[in-house]
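query.cif follows; it contains mmCIF, C-alpha atoms and all ligand atoms.
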data_final
loop_
_atom_site.label_atom_id
_atom_site.label_comp_id
_atom_site.auth_asym_id
_atom_site.auth_seq_id
_atom_site.Cartn_x
_atom_site.Cartn_y
_atom_site.Cartn_z
CA MET A 1 71.59 33.10 -52.71
CA SER A 2 74.81 34.97 -51.86
CA THR A 3 77.80 34.02 -54.01
CA PRO A 4 81.34 33.92 -52.53
CA ALA A 5 82.06 37.27 -54.17
CA THR A 6 78.86 39.02 -53.03
CA ALA A 7 79.06 37.37 -49.61
CA ALA A 8 82.59 38.69 -49.15
CA LYS A 9 81.53 42.19 -50.25
CA LYS A 10 78.51 42.26 -47.95
CA LYS A 11 80.55 40.59 -45.18
CA VAL A 12 77.92 37.89 -44.81
CA PRO A 13 78.64 34.15 -44.85
CA PHE A 14 78.26 32.31 -48.15
CA ASP A 15 74.90 30.52 -48.23
CA TYR A 16 75.49 26.87 -49.16
CA SER A 17 71.87 25.80 -48.66
CA GLY A 18 70.83 26.23 -52.31
CA TYR A 19 73.35 23.55 -53.30
CA LEU A 20 72.51 21.02 -50.59
CA ARG A 21 69.76 18.44 -50.19
CA ALA A 22 68.39 19.45 -46.79
CA GLY A 23 66.50 16.16 -46.49
CA LYS A 24 69.79 14.21 -46.56
CA LEU A 25 71.30 16.11 -43.63
CA PRO A 26 72.78 15.63 -41.07
CA HIS A 27 75.72 14.06 -42.88
CA ILE A 28 77.46 10.88 -41.73
CA TRP A 29 80.96 12.35 -41.34
CA CYS A 30 82.71 12.27 -37.94
CA PRO A 31 83.49 15.53 -36.14
CA GLY A 32 86.76 16.88 -37.57
CA CYS A 33 86.62 14.85 -40.81
CA GLY A 34 88.11 16.76 -43.75
CA HIS A 35 85.48 15.69 -46.28
CA GLY A 36 83.01 18.43 -45.25
CA ILE A 37 85.65 21.15 -45.66
CA VAL A 38 86.36 19.86 -49.17
CA LEU A 39 82.64 19.94 -49.98
CA LYS A 40 82.44 23.60 -48.97
CA SER A 41 85.44 24.51 -51.15
CA LEU A 42 83.86 22.60 -54.03
CA LEU A 43 80.50 24.38 -53.69
CA ARG A 44 82.15 27.80 -53.60
CA ALA A 45 84.14 26.88 -56.73
CA ILE A 46 81.00 25.67 -58.48
CA ASP A 47 79.19 28.86 -57.57
CA VAL A 48 81.74 30.99 -59.40
CA SER A 49 82.20 28.50 -62.25
CA GLY A 50 78.93 29.54 -63.91
CA PHE A 51 77.65 25.96 -64.11
CA THR A 52 74.05 25.60 -62.99
CA LYS A 53 72.99 22.71 -60.78
CA ASP A 54 71.29 20.98 -63.74
CA GLN A 55 74.49 21.08 -65.77
CA LEU A 56 76.42 19.16 -63.12
CA CYS A 57 76.57 15.45 -62.45
CA MET A 58 78.47 14.16 -59.44
CA VAL A 59 79.42 10.49 -59.38
CA SER A 60 81.05 8.40 -56.64
CA GLY A 61 81.98 4.87 -55.62
CA ILE A 62 81.81 3.74 -52.00
CA GLY A 63 83.52 5.24 -48.94
CA CYS A 64 83.05 8.15 -46.55
CA SER A 65 84.21 10.62 -49.25
CA SER A 66 81.97 8.87 -51.76
CA ARG A 67 78.94 9.93 -49.71
CA THR A 68 79.47 13.51 -50.96
CA PRO A 69 77.12 13.28 -54.00
CA GLY A 70 74.27 12.30 -51.68
CA TYR A 71 74.34 15.76 -50.13
CA VAL A 72 74.48 17.92 -53.27
CA ASP A 73 71.46 19.00 -55.26
CA PHE A 74 72.89 18.13 -58.70
CA LYS A 75 72.33 15.10 -60.88
CA THR A 76 74.08 12.42 -58.80
CA LEU A 77 75.08 8.78 -58.96
CA HIS A 78 76.35 6.74 -55.98
CA THR A 79 77.74 3.53 -57.49
CA LEU A 80 80.07 0.63 -56.63
CA HIS A 81 83.39 0.69 -54.80
CA GLY A 82 86.13 1.50 -57.32
CA ARG A 83 83.77 1.80 -60.27
CA ALA A 84 82.84 5.48 -60.20
CA PHE A 85 85.04 6.24 -63.22
CA SER A 86 83.27 3.67 -65.39
CA TYR A 87 79.82 5.05 -64.51
CA ALA A 88 81.08 8.61 -64.96
CA THR A 89 82.45 7.70 -68.41
CA GLY A 90 79.04 6.31 -69.37
CA VAL A 91 77.27 9.44 -68.11
CA LYS A 92 79.62 11.72 -70.02
CA LEU A 93 79.44 9.77 -73.28
CA ALA A 94 75.65 9.68 -73.13
CA ASN A 95 75.37 13.36 -72.11
CA PRO A 96 78.52 15.18 -73.27
CA GLU A 97 76.98 18.53 -72.29
CA LEU A 98 77.11 17.63 -68.59
CA LYS A 99 80.02 18.65 -66.37
CA VAL A 100 80.91 15.42 -64.60
CA ILE A 101 82.66 15.49 -61.21
CA VAL A 102 83.85 12.30 -59.51
CA ALA A 103 84.39 12.06 -55.74
CA SER A 104 86.70 9.16 -54.90
CA GLY A 105 88.64 8.13 -51.79
CA ASP A 106 92.30 7.09 -52.07
CA GLY A 107 91.18 3.47 -51.60
CA ASP A 108 88.34 3.81 -54.09
CA ALA A 109 90.43 5.58 -56.76
CA LEU A 110 93.83 3.95 -56.39
CA ALA A 111 93.30 0.45 -54.99
CA ILE A 112 90.11 -1.28 -56.17
CA GLY A 113 89.55 1.43 -58.81
CA GLY A 114 93.19 1.90 -59.81
CA ASN A 115 92.83 0.35 -63.23
CA HIS A 116 89.76 2.46 -64.04
CA PHE A 117 91.55 5.57 -62.79
CA ILE A 118 94.55 5.17 -65.12
CA HIS A 119 92.43 4.40 -68.19
CA THR A 120 90.13 7.36 -67.52
CA CYS A 121 93.21 9.61 -67.44
CA ARG A 122 94.57 7.97 -70.59
CA ARG A 123 91.38 8.72 -72.54
CA ASN A 124 91.34 12.36 -71.46
CA ILE A 125 87.56 12.29 -71.17
CA ASP A 126 86.22 15.58 -69.87
CA MET A 127 85.65 15.06 -66.14
CA THR A 128 86.95 16.41 -62.86
CA ILE A 129 88.27 13.76 -60.48
CA LEU A 130 88.68 14.53 -56.79
CA VAL A 131 90.90 12.01 -55.02
CA TYR A 132 90.47 12.36 -51.24
CA THR A 133 93.79 11.30 -49.73
CA ASN A 134 93.20 10.70 -46.02
CA TYR A 135 95.84 7.93 -45.95
CA ILE A 136 93.38 5.21 -44.91
CA TYR A 137 90.16 3.36 -45.67
CA GLY A 138 87.83 5.42 -43.49
CA MET A 139 84.46 3.84 -44.01
CA THR A 140 85.50 0.25 -43.27
CA GLY A 141 87.49 0.93 -40.10
CA GLY A 142 91.01 2.08 -40.94
CA GLN A 143 92.72 -0.47 -43.19
CA TYR A 144 95.85 0.81 -44.98
CA SER A 145 95.46 2.25 -48.47
CA PRO A 146 97.87 2.92 -51.38
CA THR A 147 98.68 6.31 -49.80
CA THR A 148 99.28 5.18 -46.20
CA PRO A 149 102.83 6.34 -45.40
CA GLN A 150 105.48 3.68 -44.77
CA GLY A 151 105.69 2.99 -41.06
CA ALA A 152 102.18 4.29 -40.33
CA MET A 153 99.69 2.28 -38.30
CA ALA A 154 96.45 0.93 -39.70
CA THR A 155 94.14 -1.86 -38.57
CA THR A 156 95.81 -4.07 -41.21
CA SER A 157 99.37 -2.94 -40.37
CA ARG A 158 99.62 -3.27 -36.60
CA TYR A 159 103.44 -3.04 -36.67
CA GLY A 160 103.62 -0.28 -39.29
CA ASN A 161 102.91 -0.27 -43.03
CA ILE A 162 105.78 -1.63 -45.13
CA GLU A 163 104.33 -0.78 -48.58
CA PRO A 164 105.65 2.23 -50.53
CA VAL A 165 103.01 4.81 -51.46
CA PHE A 166 101.61 5.89 -54.79
CA ASP A 167 102.26 9.48 -55.81
CA THR A 168 98.71 10.20 -57.00
CA CYS A 169 99.66 13.25 -59.05
CA GLU A 170 102.59 11.56 -60.82
CA LEU A 171 100.36 8.57 -61.53
CA ALA A 172 97.65 10.82 -63.03
CA LYS A 173 100.17 12.68 -65.17
CA ALA A 174 101.90 9.53 -66.39
CA SER A 175 98.49 8.01 -67.23
CA GLY A 176 97.56 10.95 -69.45
CA ALA A 177 95.49 13.37 -67.33
CA THR A 178 95.77 16.86 -68.81
CA PHE A 179 95.27 18.79 -65.56
CA VAL A 180 96.89 17.63 -62.32
CA ALA A 181 96.78 19.52 -59.03
CA ARG A 182 97.01 19.05 -55.30
CA GLY A 183 95.36 20.88 -52.41
CA THR A 184 94.58 20.28 -48.77
CA SER A 185 91.65 20.74 -46.42
CA TYR A 186 93.75 23.22 -44.41
CA HIS A 187 94.30 25.49 -47.43
CA CYS A 188 90.58 25.60 -48.21
CA GLN A 189 90.54 28.93 -50.07
CA GLU A 190 93.48 27.86 -52.23
CA LEU A 191 91.61 24.57 -52.81
CA GLU A 192 88.56 26.51 -54.01
CA LYS A 193 90.70 28.20 -56.70
CA ILE A 194 92.31 24.90 -57.72
CA LEU A 195 88.89 23.23 -58.01
CA LEU A 196 87.56 26.12 -60.08
CA ALA A 197 90.46 25.76 -62.53
CA ALA A 198 89.96 21.98 -62.61
CA ILE A 199 86.24 22.32 -63.36
CA LYS A 200 86.95 24.80 -66.15
CA HIS A 201 89.60 22.59 -67.73
CA LYS A 202 88.55 20.55 -70.77
CA GLY A 203 89.75 16.96 -70.44
CA THR A 204 90.52 14.78 -67.44
CA SER A 205 91.43 16.92 -64.45
CA VAL A 206 92.68 15.22 -61.30
CA VAL A 207 92.87 17.04 -57.99
CA GLU A 208 94.43 15.16 -55.11
CA ILE A 209 93.08 16.56 -51.87
CA ILE A 210 95.01 15.80 -48.70
CA ASP A 211 92.46 15.67 -45.91
CA GLN A 212 92.16 14.19 -42.46
CA CYS A 213 90.50 11.13 -40.99
CA PRO A 214 90.92 11.82 -37.26
CA THR A 215 88.83 8.78 -36.32
CA TYR A 216 90.94 6.05 -37.89
CA TYR A 217 94.19 7.50 -39.24
CA GLY A 218 94.57 10.08 -36.48
CA ARG A 219 93.77 7.82 -33.54
CA GLN A 220 96.02 4.99 -34.72
CA ASN A 221 98.92 7.33 -35.41
CA LYS A 222 98.85 9.35 -32.19
CA LEU A 223 97.59 12.48 -33.92
CA ARG A 224 95.18 13.55 -31.26
CA SER A 225 92.92 15.97 -33.11
CA ALA A 226 91.86 17.11 -36.55
CA THR A 227 93.63 20.40 -35.83
CA GLU A 228 96.90 18.61 -35.13
CA MET A 229 96.55 16.74 -38.43
CA MET A 230 95.80 19.89 -40.39
CA GLU A 231 98.76 21.68 -38.81
CA ILE A 232 101.00 19.07 -40.44
CA PHE A 233 99.52 19.96 -43.86
CA GLU A 234 100.26 23.60 -43.09
CA LYS A 235 103.63 23.58 -41.32
CA ASN A 236 105.85 20.84 -42.63
CA GLY A 237 103.90 18.52 -44.93
CA THR A 238 103.25 20.68 -47.98
CA VAL A 239 104.55 23.68 -49.86
CA SER A 240 102.90 25.63 -52.68
CA VAL A 241 104.47 25.47 -56.15
CA LYS A 242 104.92 29.23 -56.04
CA GLN A 243 106.78 29.14 -52.72
CA ALA A 244 108.82 26.11 -53.83
CA ASP A 245 110.29 28.12 -56.73
CA ARG A 246 111.78 30.61 -54.27
CA LEU A 247 113.01 28.16 -51.63
CA PRO A 248 116.35 26.29 -51.49
CA PRO A 249 115.93 22.59 -52.44
CA GLU A 250 116.55 21.36 -48.88
CA LYS A 251 113.47 23.29 -47.67
CA VAL A 252 111.26 21.65 -50.31
CA GLU A 253 112.59 18.10 -50.07
CA GLY A 254 110.16 15.59 -48.62
CA LYS A 255 107.19 17.98 -48.89
CA LEU A 256 104.16 17.57 -51.13
CA LEU A 257 103.69 20.32 -53.69
CA ARG A 258 100.35 22.17 -53.67
CA GLY A 259 98.75 24.01 -56.58
CA ILE A 260 98.38 23.29 -60.29
CA LEU A 261 101.26 20.94 -61.06
CA TYR A 262 100.61 20.21 -64.72
CA GLN A 263 98.21 21.42 -67.44
CA VAL A 264 98.27 20.72 -71.18
CA GLU A 265 95.79 20.54 -74.04
CA ARG A 266 95.09 17.26 -75.78
CA PRO A 267 92.12 15.96 -77.84
CA GLU A 268 89.15 15.15 -75.60
CA TYR A 269 87.59 11.69 -75.78
CA CYS A 270 83.91 12.59 -76.45
CA GLU A 271 84.90 14.96 -79.24
CA GLU A 272 87.12 12.33 -80.82
CA TYR A 273 84.26 9.85 -80.55
CA ASP A 274 81.90 12.28 -82.30
CA LYS A 275 84.44 12.82 -85.09
CA LEU A 276 84.66 9.08 -85.57
CA ILE A 277 80.85 8.80 -85.83
CA GLU A 278 80.81 11.57 -88.46
CA LYS A 279 83.57 9.85 -90.40
CA VAL A 280 81.85 6.46 -90.37
CA ARG A 281 78.49 8.01 -91.32
CA GLY A 282 80.12 9.85 -94.24
CA GLN A 283 81.55 6.66 -95.75
C1 LIG B 301 83.61 -4.58 -53.97
C2 LIG B 301 83.74 -3.98 -52.60
N1 LIG B 301 84.83 -4.26 -51.87
C3 LIG B 301 84.98 -3.71 -50.65
C4 LIG B 301 83.99 -2.90 -50.14
C5 LIG B 301 84.16 -2.33 -48.75
N2 LIG B 301 84.55 -0.95 -48.74
C6 LIG B 301 83.64 0.04 -48.72
S1 LIG B 301 84.32 1.57 -48.65
C7 LIG B 301 85.89 0.89 -48.63
C8 LIG B 301 87.14 1.75 -48.53
C9 LIG B 301 86.88 3.20 -48.43
O1 LIG B 301 88.08 3.91 -48.34
P1 LIG B 301 88.40 5.14 -49.28
O2 LIG B 301 88.02 4.87 -50.66
O3 LIG B 301 89.82 5.53 -49.06
O4 LIG B 301 87.40 6.29 -48.78
P2 LIG B 301 87.20 6.97 -47.32
O5 LIG B 301 86.16 6.13 -46.62
O6 LIG B 301 88.52 6.95 -46.60
O7 LIG B 301 86.73 8.34 -47.64
C10 LIG B 301 85.84 -0.50 -48.71
C11 LIG B 301 87.05 -1.38 -48.68
C12 LIG B 301 82.86 -2.63 -50.95
N3 LIG B 301 81.89 -1.79 -50.54
N4 LIG B 301 82.76 -3.18 -52.16
S1 LIG B 302 85.84 7.48 -40.53
FE1 LIG B 302 87.37 9.00 -41.12
S2 LIG B 302 86.95 9.45 -43.31
FE2 LIG B 302 85.11 8.45 -42.43
S3 LIG B 302 83.79 10.15 -41.75
FE3 LIG B 302 85.02 9.50 -39.98
S4 LIG B 302 86.80 10.88 -40.02
FE4 LIG B 302 85.85 10.97 -42.06
#
Let's see the structure in the file written out as structure tokens.
Ligand SMILES: Cc1ncc(C[n+]2csc(CCOP(=O)(O)OP(=O)(O)O)c2C)c(N)n1
Ligand code: SF4
Amino acid sequence: MSTPATAAKKKVPFDYSGYLRAGKLPHIWCPGCGHGIVLKSLLRAIDVSGFTKDQLCMVSGIGCSSRTPGYVDFKTLHTLHGRAFSYATGVKLANPELKVIVASGDGDALAIGGNHFIHTCRRNIDMTILVYTNYIYGMTGGQYSPTTPQGAMATTSRYGNIEPVFDTCELAKASGATFVARGTSYHCQELEKILLAAIKHKGTSVVEIIDQCPTYYGRQNKLRSATEMMEIFEKNGTVSVKQADRLPPEKVEGKLLRGILYQVERPEYCEEYDKLIEKVRGQ
């Protein structure tokens, strides 16, 4: 199989097939959906991470983004809406040697699963959480989610959403996550690097990924194509942390920051649990 590095050197495309379950394809995603782009960035990151397929476990709840584990040839678990973090915690505690990756939509992670999300971050258990922010509930037909912008249309906000949004990254940081980052489906090579750093981090790493749902968010908000939606991520919706440092504040205001926003070291939950077992056994 060609790795991203060897593929680039040989000028041949990276071969994703070794990481995919051919029998599960074609995937369910609509044309133009961002979730497939994110999967490709993730697989390239995994390829350079050094983790073998058997060392990885991908867990999800329910939603279009939560279908991702079905397509990858790792250990996988497709669970209940909003409960991926609980299952992932169980997997990690039972098998601390596994690298656990959670795929969760903004509805799955922040609405029905919001409580599980904050407590997972608080524990700093070693897992990588991907929050797919497409501003809507995709799978169930376009209801508004905790990240739907104020004023935006959804099937449950026909006159515009009046609810303020969650800042996913601030929420993760405040809850105790030790690695917090943001990327987009437009900046897919940058996303690959962010995901690699997140996978390598020990503790809870949260990566918010801004991606597009052209079918429900796009159509209801007069964004006529996936390209138009991704151009917003590129042109006026986001700015990288590196660029932001060099720009005057008025050019950064109102934009989402991309890149690694926060990283610290703190005791990891499974290790603390093991120490406790040793202590109790020694008494
Ligand atoms: C307990 C429960 N409540 C509601 C649902 C219906 N449901 C399935 S997916 C979903 C929302 C998915 O949206 P999101 O998590 O943002 O992911 P996306 O589809 O946009 O990737 C809902 C409400 C369910 N399956 N189970
Ligand atoms: S409904 Fe939206 S999120 Fe779901 S597959 Fe289609 S474009 Fe993607």
Using 10 Å as the limit and counting only C-alpha atoms and all ligand atoms, can you tabulate each residue of chain A that touches ligand LIG 301 (chain B), with its shortest atom-to-atom distance in Å and the two atoms involved, as a Markdown table?
| residue | atom | partner | partner_atom | distance |
| --- | --- | --- | --- | --- |
| A:Trp29 | CA | B:LIG301 | O7 | 9.4 |
| A:Cys33 | CA | B:LIG301 | O7 | 9.4 |
| A:Gly34 | CA | B:LIG301 | O7 | 9.4 |
| A:His35 | CA | B:LIG301 | O7 | 7.6 |
| A:Ser60 | CA | B:LIG301 | O2 | 9.8 |
| A:Gly61 | CA | B:LIG301 | O2 | 7.8 |
| A:Ile62 | CA | B:LIG301 | S1 | 4.7 |
| A:Gly63 | CA | B:LIG301 | O5 | 3.6 |
| A:Cys64 | CA | B:LIG301 | O5 | 3.7 |
| A:Ser65 | CA | B:LIG301 | O7 | 3.8 |
| A:Ser66 | CA | B:LIG301 | O7 | 6.3 |
| A:Arg67 | CA | B:LIG301 | O7 | 8.2 |
| A:Thr68 | CA | B:LIG301 | O7 | 9.5 |
| A:Thr79 | CA | B:LIG301 | N3 | 9.7 |
| A:Leu80 | CA | B:LIG301 | N4 | 6.5 |
| A:His81 | CA | B:LIG301 | N4 | 4.7 |
| A:Gly82 | CA | B:LIG301 | C1 | 7.4 |
| A:Arg83 | CA | B:LIG301 | C1 | 9.0 |
| A:Ala103 | CA | B:LIG301 | O7 | 9.2 |
| A:Ser104 | CA | B:LIG301 | O2 | 6.2 |
| A:Gly105 | CA | B:LIG301 | O2 | 3.5 |
| A:Asp106 | CA | B:LIG301 | O3 | 4.2 |
| A:Gly107 | CA | B:LIG301 | O3 | 3.5 |
| A:Asp108 | CA | B:LIG301 | O2 | 3.6 |
| A:Ala109 | CA | B:LIG301 | O2 | 6.6 |
| A:Leu110 | CA | B:LIG301 | O2 | 8.2 |
| A:Ala111 | CA | B:LIG301 | O2 | 8.1 |
| A:Ile112 | CA | B:LIG301 | N1 | 7.4 |
| A:Gly113 | CA | B:LIG301 | O2 | 9.0 |
| A:Val131 | CA | B:LIG301 | O2 | 8.8 |
| A:Tyr132 | CA | B:LIG301 | O7 | 6.6 |
| A:Thr133 | CA | B:LIG301 | O3 | 7.0 |
| A:Asn134 | CA | B:LIG301 | O6 | 6.0 |
| A:Tyr135 | CA | B:LIG301 | O3 | 7.2 |
| A:Ile136 | CA | B:LIG301 | O6 | 5.4 |
| A:Tyr137 | CA | B:LIG301 | O1 | 3.4 |
| A:Gly138 | CA | B:LIG301 | O6 | 3.5 |
| A:Met139 | CA | B:LIG301 | O5 | 3.9 |
| A:Thr140 | CA | B:LIG301 | C7 | 5.4 |
| A:Gly141 | CA | B:LIG301 | O5 | 8.4 |
| A:Gly142 | CA | B:LIG301 | O6 | 7.9 |
| A:Gln143 | CA | B:LIG301 | C11 | 7.9 |
| A:Tyr144 | CA | B:LIG301 | O3 | 8.7 |
| A:Ser145 | CA | B:LIG301 | O3 | 6.6 |
| A:Pro146 | CA | B:LIG301 | O3 | 8.8 |
| A:Thr147 | CA | B:LIG301 | O3 | 8.9 |
| A:Thr148 | CA | B:LIG301 | O3 | 9.9 |
| A:Asp211 | CA | B:LIG301 | O7 | 9.5 |
| A:Gln212 | CA | B:LIG301 | O6 | 9.1 |
| A:Cys213 | CA | B:LIG301 | O6 | 7.3 |
| A:Tyr216 | CA | B:LIG301 | O6 | 9.1 |
| A:Tyr217 | CA | B:LIG301 | O6 | 9.3 |
Atom-to-atom span, CA of Ala244 in chain A and CA of Cys169 in chain A, Å: 16.6 Å
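Between CA of Ala174 in chain A and CA of Glu268 in chain A the separation is 16.7 Å.
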Top pick for closest residue to Arg182 in chain A, considering A:Leu256, A:Ile162, A:Ile129, A:Met153 and counting all atoms listed in the file: A:Leu256
Proximity to ligand LIG 302 (chain B) - best of A:Ile194, A:Ile277, A:Arg122, A:Ala226, all atoms listed in the file: A:Ala226
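Between atom S3 of ligand LIG 302 (chain B) and CA of Pro31 in chain A there is a distance of 7.8 Å.
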Residue nearest ligand LIG 302 (chain B) - candidates A:Lys173, A:Lys222, A:Arg246, A:His27, atoms counted: all atoms listed in the file: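 Checking each of A:Lys173, A:Lys222, A:Arg246, A:His27 against ligand LIG 302 (chain B), counting all atoms listed in the file, the winner is A:His27.
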Nearby residues (all atoms listed in the file) at most 8 Å from Val38 in chain A, same-chain spacing under 5 positions excluded, as number ranges by chain: A: 185, 188, 191, 209
Store the residues picked out above in a file with C-alpha atoms, as a short mmCIF file (atom, residue, chain, number, x, y, z; two decimals), keeping the file's coordinate frame.
data_model
loop_
_atom_site.label_atom_id
_atom_site.label_comp_id
_atom_site.auth_asym_id
_atom_site.auth_seq_id
_atom_site.Cartn_x
_atom_site.Cartn_y
_atom_site.Cartn_z
CA SER A 185 91.65 20.74 -46.42
CA CYS A 188 90.58 25.60 -48.21
CA LEU A 191 91.61 24.57 -52.81
CA ILE A 209 93.08 16.56 -51.87
#
Nearby residues (only C-alpha atoms) at most 8 Å from Leu261 in chain A, same-chain spacing under 6 positions excluded, as a PyMOL selection string: chain A and resi 179-182+241
Around all the atoms of ligand LIG 302 (chain B) listed in the file, draw an axis-aligned box and extend it by 4 Å on each of the six sides; I want its centre and edge lengths in Å to one decimal, as JSON.
{"center_x": 85.6, "center_y": 9.2, "center_z": -41.6, "size_x": 11.6, "size_y": 11.5, "size_z": 11.3}
Closest of A:Ala198, A:Cys30, A:Val206, A:Met230 to ligand LIG 302 (chain B) - atom-to-atom distances counting all atoms listed in the file: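 Going through A:Ala198, A:Cys30, A:Val206, A:Met230 one by one, the smallest distance to ligand LIG 302 (chain B) is for A:Cys30.
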Residue with smallest distance to Asn115 in chain A - pool A:Ile101, A:Val165, A:Ala197, A:Ala172, counting all atoms listed in the file: A:Ala172
For Gln150 in chain A: contacts at 6 Å, all atoms listed in the file, fewer than 6 positions along chain excluded, given as a list of chain:residue names: A:Asn161, A:Ile162, A:Glu163, A:Pro164
From A:Pro214, A:Gly114, A:Pro267, A:Pro249, residue lying nearest ligand LIG 302 (chain B) [all atoms listed in the file]: A:Pro214
